[in-house]
$ cat data-v6.txt   # compact mmCIF, C-alpha atoms
# COMPACT_ATOMS: atom_id res chain seq x y z
CA MET A 229 153.53 -69.64 13.36
CA ALA A 230 150.38 -71.48 12.26
CA SER A 231 148.29 -70.07 15.10
CA ALA A 232 149.03 -66.54 13.84
CA TYR A 233 146.79 -67.32 10.87
CA LEU A 234 143.80 -68.39 12.99
CA PRO A 235 142.11 -64.95 12.50
CA VAL A 236 142.53 -65.38 8.72
CA LEU A 237 140.86 -68.78 8.94
CA LEU A 238 138.01 -67.34 11.04
CA LEU A 239 137.56 -64.49 8.57
CA LEU A 240 137.50 -66.98 5.68
CA ALA A 241 134.84 -69.08 7.42
CA PHE A 242 132.81 -65.96 8.22
CA VAL A 243 132.96 -64.69 4.63
CA ILE A 244 131.88 -68.05 3.18
CA ALA A 245 129.02 -68.36 5.70
CA ASN A 246 127.95 -64.76 5.10
CA ALA A 247 127.95 -65.12 1.31
CA GLY A 248 126.02 -68.39 1.54
CA LEU A 249 123.50 -66.86 3.94
CA ILE A 250 122.85 -63.79 1.78
CA ILE A 251 122.48 -65.71 -1.48
CA GLY A 252 120.53 -68.54 0.16
CA ALA A 253 118.15 -66.22 2.00
CA SER A 254 117.43 -64.16 -1.12
CA HIS A 255 116.70 -67.36 -3.05
CA LEU A 256 114.33 -68.64 -0.36
CA LEU A 257 112.53 -65.42 0.53
CA ASN A 258 112.30 -63.65 -2.80
CA LYS A 259 109.36 -63.94 -5.16
CA ARG A 260 110.44 -63.82 -8.79
CA ARG A 261 108.50 -61.34 -10.90
CA PRO A 262 110.95 -60.50 -13.70
CA THR A 263 110.14 -57.59 -15.98
CA PRO A 264 112.27 -56.38 -18.92
CA GLU A 265 113.34 -53.35 -16.87
CA LYS A 266 114.50 -55.49 -13.95
CA LEU A 267 116.55 -57.75 -16.23
CA GLN A 268 118.62 -54.92 -17.65
CA PRO A 269 122.28 -54.82 -16.58
CA TYR A 270 121.75 -51.40 -14.99
CA GLU A 271 118.23 -50.72 -13.90
CA SER A 272 117.27 -47.14 -14.85
CA GLY A 273 120.69 -46.82 -16.50
CA ILE A 274 121.74 -46.32 -20.10
CA ALA A 275 120.68 -49.18 -22.36
CA PRO A 276 123.73 -51.23 -23.42
CA LEU A 277 125.11 -50.51 -26.88
CA GLY A 278 126.28 -53.53 -28.86
CA ASP A 279 128.15 -56.53 -27.52
CA ALA A 280 130.55 -56.35 -24.58
CA ARG A 281 132.67 -59.02 -26.29
CA ASP A 282 134.04 -56.61 -28.81
CA ARG A 283 137.68 -56.09 -29.67
CA PHE A 284 139.15 -53.48 -27.34
CA SER A 285 141.72 -50.83 -28.12
CA VAL A 286 145.36 -51.75 -27.53
CA LYS A 287 145.63 -48.63 -25.35
CA PHE A 288 144.09 -50.54 -22.45
CA TYR A 289 146.82 -53.16 -22.83
CA LEU A 290 149.55 -50.51 -22.76
CA VAL A 291 148.19 -49.10 -19.52
CA ALA A 292 148.11 -52.60 -18.01
CA MET A 293 151.70 -53.32 -19.07
CA LEU A 294 152.97 -50.05 -17.59
CA PHE A 295 151.02 -50.77 -14.40
CA ILE A 296 152.70 -54.18 -14.03
CA VAL A 297 156.20 -52.77 -14.51
CA PHE A 298 155.76 -50.07 -11.90
CA ASP A 299 153.91 -52.53 -9.65
CA ILE A 300 156.96 -54.80 -9.65
CA GLU A 301 159.18 -51.80 -8.93
CA THR A 302 157.06 -51.11 -5.83
CA VAL A 303 157.40 -54.74 -4.71
CA PHE A 304 161.16 -54.16 -4.43
CA LEU A 305 160.62 -51.03 -2.34
CA VAL A 306 158.93 -52.94 0.48
CA PRO A 307 161.83 -55.24 1.53
CA TRP A 308 164.23 -52.35 1.01
CA GLY A 309 162.22 -50.19 3.40
CA VAL A 310 162.15 -52.99 5.98
CA LEU A 311 165.94 -53.32 5.90
CA TYR A 312 166.79 -49.66 5.29
CA ARG A 313 168.29 -48.88 8.70
CA GLU A 314 170.48 -51.96 8.63
CA LEU A 315 171.70 -51.17 5.10
CA SER A 316 172.57 -47.61 6.13
CA CYS A 317 174.93 -48.69 8.91
CA VAL A 318 178.35 -50.29 8.42
CA MET A 319 178.46 -51.60 12.00
CA PRO A 320 175.97 -53.65 13.99
CA ARG A 321 173.39 -51.27 15.34
CA LEU A 322 172.96 -50.42 19.03
CA ALA A 323 170.30 -51.98 21.21
CA ASP A 324 167.82 -49.20 20.46
CA GLY A 325 168.30 -49.64 16.70
CA ALA A 326 170.37 -46.48 16.29
CA CYS A 327 173.60 -46.48 14.28
CA PRO A 328 176.86 -45.80 16.19
CA ALA A 329 178.42 -42.39 15.50
CA GLY A 330 180.48 -42.32 12.30
CA ALA A 331 179.10 -45.62 11.02
CA VAL A 332 176.29 -44.23 8.90
CA SER A 333 176.64 -45.08 5.22
CA PHE A 334 174.77 -44.14 2.07
CA PHE A 335 174.84 -47.74 0.80
CA GLY A 336 171.12 -48.32 1.34
CA LEU A 337 170.07 -45.00 -0.16
CA GLY A 338 172.54 -45.30 -3.05
CA GLU A 339 171.54 -48.77 -4.22
CA MET A 340 167.89 -47.78 -4.40
CA LEU A 341 168.75 -44.50 -6.12
CA VAL A 342 170.58 -46.44 -8.86
CA PHE A 343 167.58 -48.76 -9.24
CA MET A 344 165.14 -45.85 -9.37
CA ALA A 345 167.32 -43.76 -11.70
CA ILE A 346 167.26 -46.51 -14.35
CA LEU A 347 163.48 -46.77 -14.05
CA VAL A 348 163.02 -43.01 -14.16
CA VAL A 349 164.65 -43.18 -17.62
CA GLY A 350 161.79 -45.46 -18.61
CA PHE A 351 159.24 -43.17 -16.99
CA VAL A 352 160.58 -40.14 -18.90
CA TYR A 353 160.53 -42.20 -22.11
CA VAL A 354 156.90 -43.18 -21.50
CA TRP A 355 155.96 -39.58 -20.74
CA LYS A 356 157.79 -38.10 -23.75
CA LYS A 357 156.34 -40.72 -26.10
CA GLY A 358 152.91 -39.60 -24.98
CA ALA A 359 151.98 -43.10 -23.82
CA LEU A 360 150.25 -41.60 -20.78
CA GLN A 361 147.97 -39.58 -23.08
CA TRP A 362 144.77 -41.36 -24.02
CA ASP A 363 144.67 -40.26 -27.69
CA MET B 66 143.08 -85.88 13.43
CA THR B 67 144.46 -84.11 16.43
CA TRP B 68 145.00 -80.36 16.49
CA THR B 69 148.78 -80.52 16.57
CA ALA B 70 150.83 -78.02 14.60
CA ALA B 71 151.93 -80.77 12.22
CA GLY B 72 148.32 -81.88 11.75
CA VAL B 73 147.16 -78.35 10.98
CA GLN B 74 150.02 -77.92 8.49
CA LEU B 75 149.18 -81.21 6.80
CA ALA B 76 145.50 -80.22 6.55
CA HIS B 77 146.51 -76.81 5.19
CA PHE B 78 148.68 -78.45 2.53
CA TRP B 79 146.03 -80.96 1.44
CA ILE B 80 143.15 -78.46 1.39
CA PHE B 81 144.91 -75.75 -0.60
CA GLY B 82 146.81 -78.25 -2.75
CA ALA B 83 143.54 -79.98 -3.68
CA ILE B 84 141.83 -76.66 -4.47
CA ALA B 85 144.85 -75.56 -6.53
CA ILE B 86 144.83 -78.77 -8.61
CA ALA B 87 141.04 -78.70 -9.03
CA SER B 88 141.17 -75.05 -10.15
CA ALA B 89 144.01 -75.82 -12.55
CA LEU B 90 142.00 -78.66 -14.11
CA LEU B 91 138.97 -76.37 -14.45
CA PHE B 92 141.29 -73.73 -15.94
CA VAL B 93 142.41 -75.97 -18.80
CA THR B 94 138.95 -77.44 -19.49
CA ARG B 95 136.77 -74.28 -19.61
CA ARG B 96 135.38 -73.23 -22.98
CA SER B 97 135.20 -69.54 -22.10
CA PRO B 98 138.67 -67.94 -21.87
CA VAL B 99 137.48 -65.47 -19.23
CA ALA B 100 136.16 -68.28 -17.01
CA ALA B 101 139.47 -70.10 -17.51
CA ALA B 102 141.41 -66.99 -16.47
CA LEU B 103 139.34 -66.66 -13.29
CA TRP B 104 140.05 -70.29 -12.36
CA LEU B 105 143.73 -69.52 -12.85
CA VAL B 106 143.36 -66.66 -10.35
CA ASN B 107 141.98 -69.21 -7.88
CA THR B 108 145.04 -71.43 -8.45
CA MET B 109 147.34 -68.45 -7.83
CA PHE B 110 145.62 -67.71 -4.51
CA CYS B 111 146.03 -71.34 -3.42
CA LEU B 112 149.73 -71.21 -4.30
CA ALA B 113 150.01 -68.07 -2.15
CA ALA B 114 148.44 -70.02 0.74
CA LEU B 115 151.05 -72.76 0.22
CA TYR B 116 153.85 -70.18 0.34
CA VAL B 117 152.45 -69.03 3.68
CA LEU B 118 152.58 -72.65 4.84
CA LEU B 119 156.27 -72.71 3.87
CA GLU B 120 156.79 -69.73 6.22
CA ALA B 121 157.34 -67.38 3.28
CA PRO B 122 154.39 -64.98 3.70
CA PHE B 123 156.21 -62.22 1.84
CA VAL B 124 156.46 -64.44 -1.24
CA GLY B 125 152.79 -65.28 -0.73
CA ALA B 126 151.82 -61.60 -0.63
CA VAL B 127 153.87 -60.89 -3.76
CA GLN B 128 152.25 -63.90 -5.42
CA VAL B 129 148.81 -62.34 -4.84
CA LEU B 130 149.90 -58.82 -5.85
CA VAL B 131 151.87 -59.69 -8.96
CA TYR B 132 150.41 -62.95 -10.27
CA ALA B 133 146.78 -62.91 -9.11
CA GLY B 134 146.63 -59.15 -9.71
CA ALA B 135 148.90 -57.80 -12.41
CA ILE B 136 149.64 -60.85 -14.55
CA MET B 137 145.98 -61.83 -14.63
CA VAL B 138 145.04 -58.32 -15.76
CA VAL B 139 147.30 -58.82 -18.76
CA PHE B 140 145.76 -62.23 -19.50
CA LEU B 141 142.27 -60.74 -19.45
CA PHE B 142 143.40 -57.85 -21.66
CA VAL B 143 144.83 -60.30 -24.18
CA VAL B 144 141.46 -62.07 -24.20
CA MET B 145 139.80 -58.69 -24.85
CA LEU B 146 142.29 -57.74 -27.56
CA LEU B 147 142.13 -61.03 -29.42
CA ASN B 148 138.34 -61.11 -29.21
CA LEU B 149 138.34 -64.70 -27.97
CA GLY B 150 134.88 -64.32 -26.45
CA ARG B 151 133.06 -65.38 -29.60
CA ASP B 152 132.69 -68.98 -30.63
CA ASP B 153 133.45 -68.36 -34.30
CA ALA B 154 136.64 -66.43 -33.55
CA ARG B 155 138.00 -69.03 -31.15
CA LEU B 156 140.92 -71.14 -32.22
CA ASP B 157 140.04 -74.80 -32.01
CA LEU B 158 142.70 -76.27 -29.74
CA ARG B 159 141.60 -79.85 -30.24
CA GLU B 160 143.46 -80.42 -33.47
CA PRO B 161 145.89 -83.38 -33.37
CA GLY B 162 148.93 -81.14 -33.79
CA VAL B 163 148.00 -78.90 -30.86
CA ARG B 164 147.17 -81.94 -28.73
CA GLY B 165 150.51 -83.52 -29.58
CA ALA B 166 152.38 -80.34 -28.62
CA ALA B 167 150.43 -80.12 -25.34
CA LEU B 168 151.25 -83.76 -24.58
CA LEU B 169 154.95 -83.16 -25.27
CA VAL B 170 155.11 -80.07 -23.04
CA GLY B 171 153.17 -81.86 -20.30
CA LEU B 172 155.53 -84.86 -20.40
CA LEU B 173 158.58 -82.60 -20.25
CA LEU B 174 157.14 -80.77 -17.23
CA ALA B 175 156.33 -84.10 -15.55
CA VAL B 176 159.91 -85.32 -16.10
CA GLU B 177 161.25 -82.02 -14.73
CA LEU B 178 159.03 -82.35 -11.66
CA VAL B 179 160.20 -85.91 -10.96
CA VAL B 180 163.88 -84.98 -11.42
CA ALA B 181 163.52 -81.88 -9.22
CA SER B 182 161.78 -83.79 -6.43
CA ARG B 183 164.48 -86.48 -6.45
CA THR B 184 167.40 -84.07 -6.39
CA PRO B 185 169.08 -84.27 -2.98
CA ALA B 186 168.24 -81.44 -0.61
CA GLU B 187 171.90 -80.35 -0.33
CA ALA B 188 171.68 -78.90 -3.83
CA THR B 189 169.19 -76.26 -2.72
CA ALA B 190 170.06 -73.13 -0.79
CA PRO B 191 169.29 -73.26 2.94
CA LEU B 192 166.36 -71.22 4.17
CA PRO B 193 167.42 -68.04 5.95
CA ALA B 194 166.51 -68.19 9.60
CA ALA B 195 163.39 -66.22 10.47
CA GLU B 196 163.99 -63.30 12.81
CA GLY B 197 161.09 -63.49 15.19
CA THR B 198 158.04 -62.13 13.42
CA ASN B 199 160.07 -60.24 10.81
CA VAL B 200 159.79 -62.51 7.79
CA VAL B 201 160.81 -59.90 5.21
CA ALA B 202 164.27 -59.03 6.58
CA PRO B 203 166.03 -62.33 5.63
CA VAL B 204 164.75 -62.01 2.05
CA ALA B 205 165.71 -58.33 1.96
CA ARG B 206 169.22 -58.97 3.34
CA ALA B 207 169.97 -61.54 0.64
CA LEU B 208 168.51 -59.31 -2.06
CA PHE B 209 170.22 -56.05 -1.12
CA THR B 210 173.66 -57.33 -0.12
CA GLU B 211 174.56 -60.71 -1.62
CA HIS B 212 172.48 -60.41 -4.80
CA LEU B 213 172.81 -56.64 -5.23
CA VAL B 214 173.95 -56.83 -8.86
CA ALA B 215 170.97 -58.99 -9.78
CA PHE B 216 168.67 -56.50 -8.08
CA GLU B 217 170.13 -53.55 -9.98
CA VAL B 218 170.04 -55.46 -13.28
CA THR B 219 166.34 -56.11 -12.63
CA SER B 220 165.74 -52.40 -13.18
CA VAL B 221 167.30 -52.73 -16.66
CA LEU B 222 164.95 -55.64 -17.36
CA LEU B 223 161.98 -53.53 -16.25
CA LEU B 224 163.24 -50.65 -18.40
CA ALA B 225 163.34 -52.99 -21.41
CA ALA B 226 159.76 -54.05 -20.61
CA ILE B 227 158.62 -50.40 -20.47
CA VAL B 228 160.28 -49.51 -23.79
CA GLY B 229 159.03 -52.71 -25.42
CA ALA B 230 155.44 -52.16 -24.33
CA VAL B 231 155.44 -48.56 -25.56
CA ALA B 232 157.20 -49.39 -28.84
CA LEU B 233 154.77 -52.19 -29.65
CA ALA B 234 151.50 -50.66 -28.50
CA ARG B 235 151.91 -46.92 -29.11
CA ARG B 236 151.27 -45.41 -32.50
CA GLU B 237 153.95 -42.90 -33.44
CA SER B 238 151.90 -39.93 -34.64
CA PRO B 239 148.44 -39.21 -35.99
CA ALA B 240 149.94 -38.78 -39.48
CA SER B 241 151.23 -42.35 -39.61
CA ARG B 242 147.86 -43.67 -38.48
CA GLY B 243 146.18 -45.49 -41.32
CA PRO B 244 142.52 -45.27 -42.30
CA ALA B 245 140.06 -44.88 -39.46
CA VAL B 246 140.42 -47.90 -37.22
CA PRO B 247 137.54 -48.83 -34.94
CA GLU B 248 138.81 -48.04 -31.47
CA GLY B 249 136.51 -50.27 -29.48
CA PRO B 250 133.30 -49.35 -27.70
CA ALA B 251 134.87 -47.22 -24.98
CA ALA B 252 137.08 -45.06 -27.20
$ encode --input "data-v6.txt" --output "structure tokens"
Amino acid sequence: MASAYLPVLLLLAFVIANAGLIIGASHLLNKRRPTPEKLQPYESGIAPLGDARDRFSVKFYLVAMLFIVFDIETVFLVPWGVLYRELSCVMPRLADGACPAGAVSFFGLGEMLVFMAILVVGFVYVWKKGALQWD
Amino acid sequence: MTWTAAGVQLAHFWIFGAIAIASALLFVTRRSPVAAALWLVNTMFCLAALYVLLEAPFVGAVQVLVYAGAIMVVFLFVVMLLNLGRDDARLDLREPGVRGAALLVGLLLAVELVVASRTPAEATAPLPAAEGTNVVAPVARALFTEHLVAFEVTSVLLLAAIVGAVALARRESPASRGPAVPEGPAA
């Protein structure tokens, strides 16, 4: 089990070494000649207006909340999809994973339909309330 | 240390546990709320690594998606909404009352941790056996058969969250909107 994560460990080591190399090399090789233009957040871009630490509209927060709710809904879809064929069969499946004749059930489809139907109520509510409109 | 599986697991636990605790300490000691939130993200990632060590990679992936992703977005948005970035607007949390409350909550959590770690192992549910490389199926089987009612009721909880978020954050109509409210720099 642990050896399956060796590529992740190698990738982690590579990323740390790469980031260190890029930042280190640019610190060692670069000659600093700062000008006001170079120190702008976006060179050749629009000059910043005001302070970024301003109070933001609550509309951003609403979008984030709705994102989280539907994000969590999606999290439930993944294990359901993994187990879907087993949930749709009332008998143990055959060696090739197929369901024996006459043993197919709508249990798996039905339980997710109930779950989704309740959430679609929320989606319709959000839509009708105009919460997906920006103004 | 030899490269046995147990040795690697022990090293994994100590490395990510140490980073998690260090990040958590940095989280509670930062002056800038945004910096604190980013240290909390680091703690969440380390917890995900510890879930992987416990052979629960699905829980680890969900930890990254939901906690390090979605929940942290909300934390940052609260920081933006409450305008905590400025020194003068920041609530001073070093008052004696706040410190006393923090101490009380910390002590309660410490007691809970000690009690939980001393509870005999029989009280906890046994881990479902892993099916080869399929680590999601045991979780899914418990969720969609044994705990089906809880799963369906979760959708009602999510529905309540949707309605609550919209009811609190959405203005009803332009007519009920008061005098011109500054809508932030991006609006």
$ closest_atom_pairs --input "data-v6.txt" --of "chain A" --to "chain B" --cutoff "7 Å" --atoms "all atoms listed in the file" --output "Markdown table"
| residue | atom | partner | partner_atom | distance |
| --- | --- | --- | --- | --- |
| A:Ala230 | CA | B:Ala70 | CA | 7.0 |
| A:Arg281 | CA | B:Gly150 | CA | 5.7 |
| A:Asp282 | CA | B:Asn148 | CA | 6.2 |
| A:Arg283 | CA | B:Asn148 | CA | 5.1 |
| A:Phe284 | CA | B:Gly249 | CA | 4.7 |
| A:Ser285 | CA | B:Glu248 | CA | 5.2 |
| A:Val286 | CA | B:Ala234 | CA | 6.3 |
| A:Lys287 | CA | B:Ala234 | CA | 7.0 |
| A:Tyr289 | CA | B:Phe142 | CA | 5.9 |
| A:Leu290 | CA | B:Ala234 | CA | 6.1 |
| A:Ala292 | CA | B:Val139 | CA | 6.3 |
| A:Met293 | CA | B:Ala230 | CA | 6.6 |
| A:Leu294 | CA | B:Ile227 | CA | 6.4 |
| A:Ile296 | CA | B:Ala135 | CA | 5.5 |
| A:Val297 | CA | B:Leu223 | CA | 6.1 |
| A:Pro307 | CA | B:Ala205 | CA | 5.0 |
| A:Trp308 | CA | B:Ala205 | CA | 6.2 |
| A:Val310 | CA | B:Ala202 | CA | 6.4 |
| A:Leu311 | CA | B:Ala202 | CA | 6.0 |
| A:Phe343 | CA | B:Glu217 | CA | 5.5 |
| A:Ile346 | CA | B:Ser220 | CA | 6.2 |
| A:Leu347 | CA | B:Leu224 | CA | 5.8 |
| A:Gly350 | CA | B:Leu224 | CA | 5.4 |
| A:Val354 | CA | B:Val231 | CA | 6.9 |
| A:Ala359 | CA | B:Arg235 | CA | 6.5 |
$ atom_distance --input "data-v6.txt" --atom1 "CA of Phe81 (chain B)" --atom2 "CA of Leu115 (chain B)"
6.9 Å
$ atom_distance --input "data-v6.txt" --atom1 "CA of Gly82 (chain B)" --atom2 "CA of Leu119 (chain B)"
12.8 Å
$ atom_distance --input "data-v6.txt" --atom1 "CA of Val99 (chain B)" --atom2 "CA of Ala280 (chain A)"
12.6 Å
$ residues_near_point --input "data-v6.txt" --point "(176.6, -51.0, 2.9)" --cutoff "12 Å" --atoms "only C-alpha atoms" --output "NGL selection string"
(:A and (311-320 or 331-340)) or (:B and (206 or 209-211 or 213))
$ closest_residue --input "data-v6.txt" --among "B:Val124, B:Met137, B:Pro185, B:Thr94" --to "Asn107 (chain B)" --atoms "all atoms listed in the file"
B:Met137
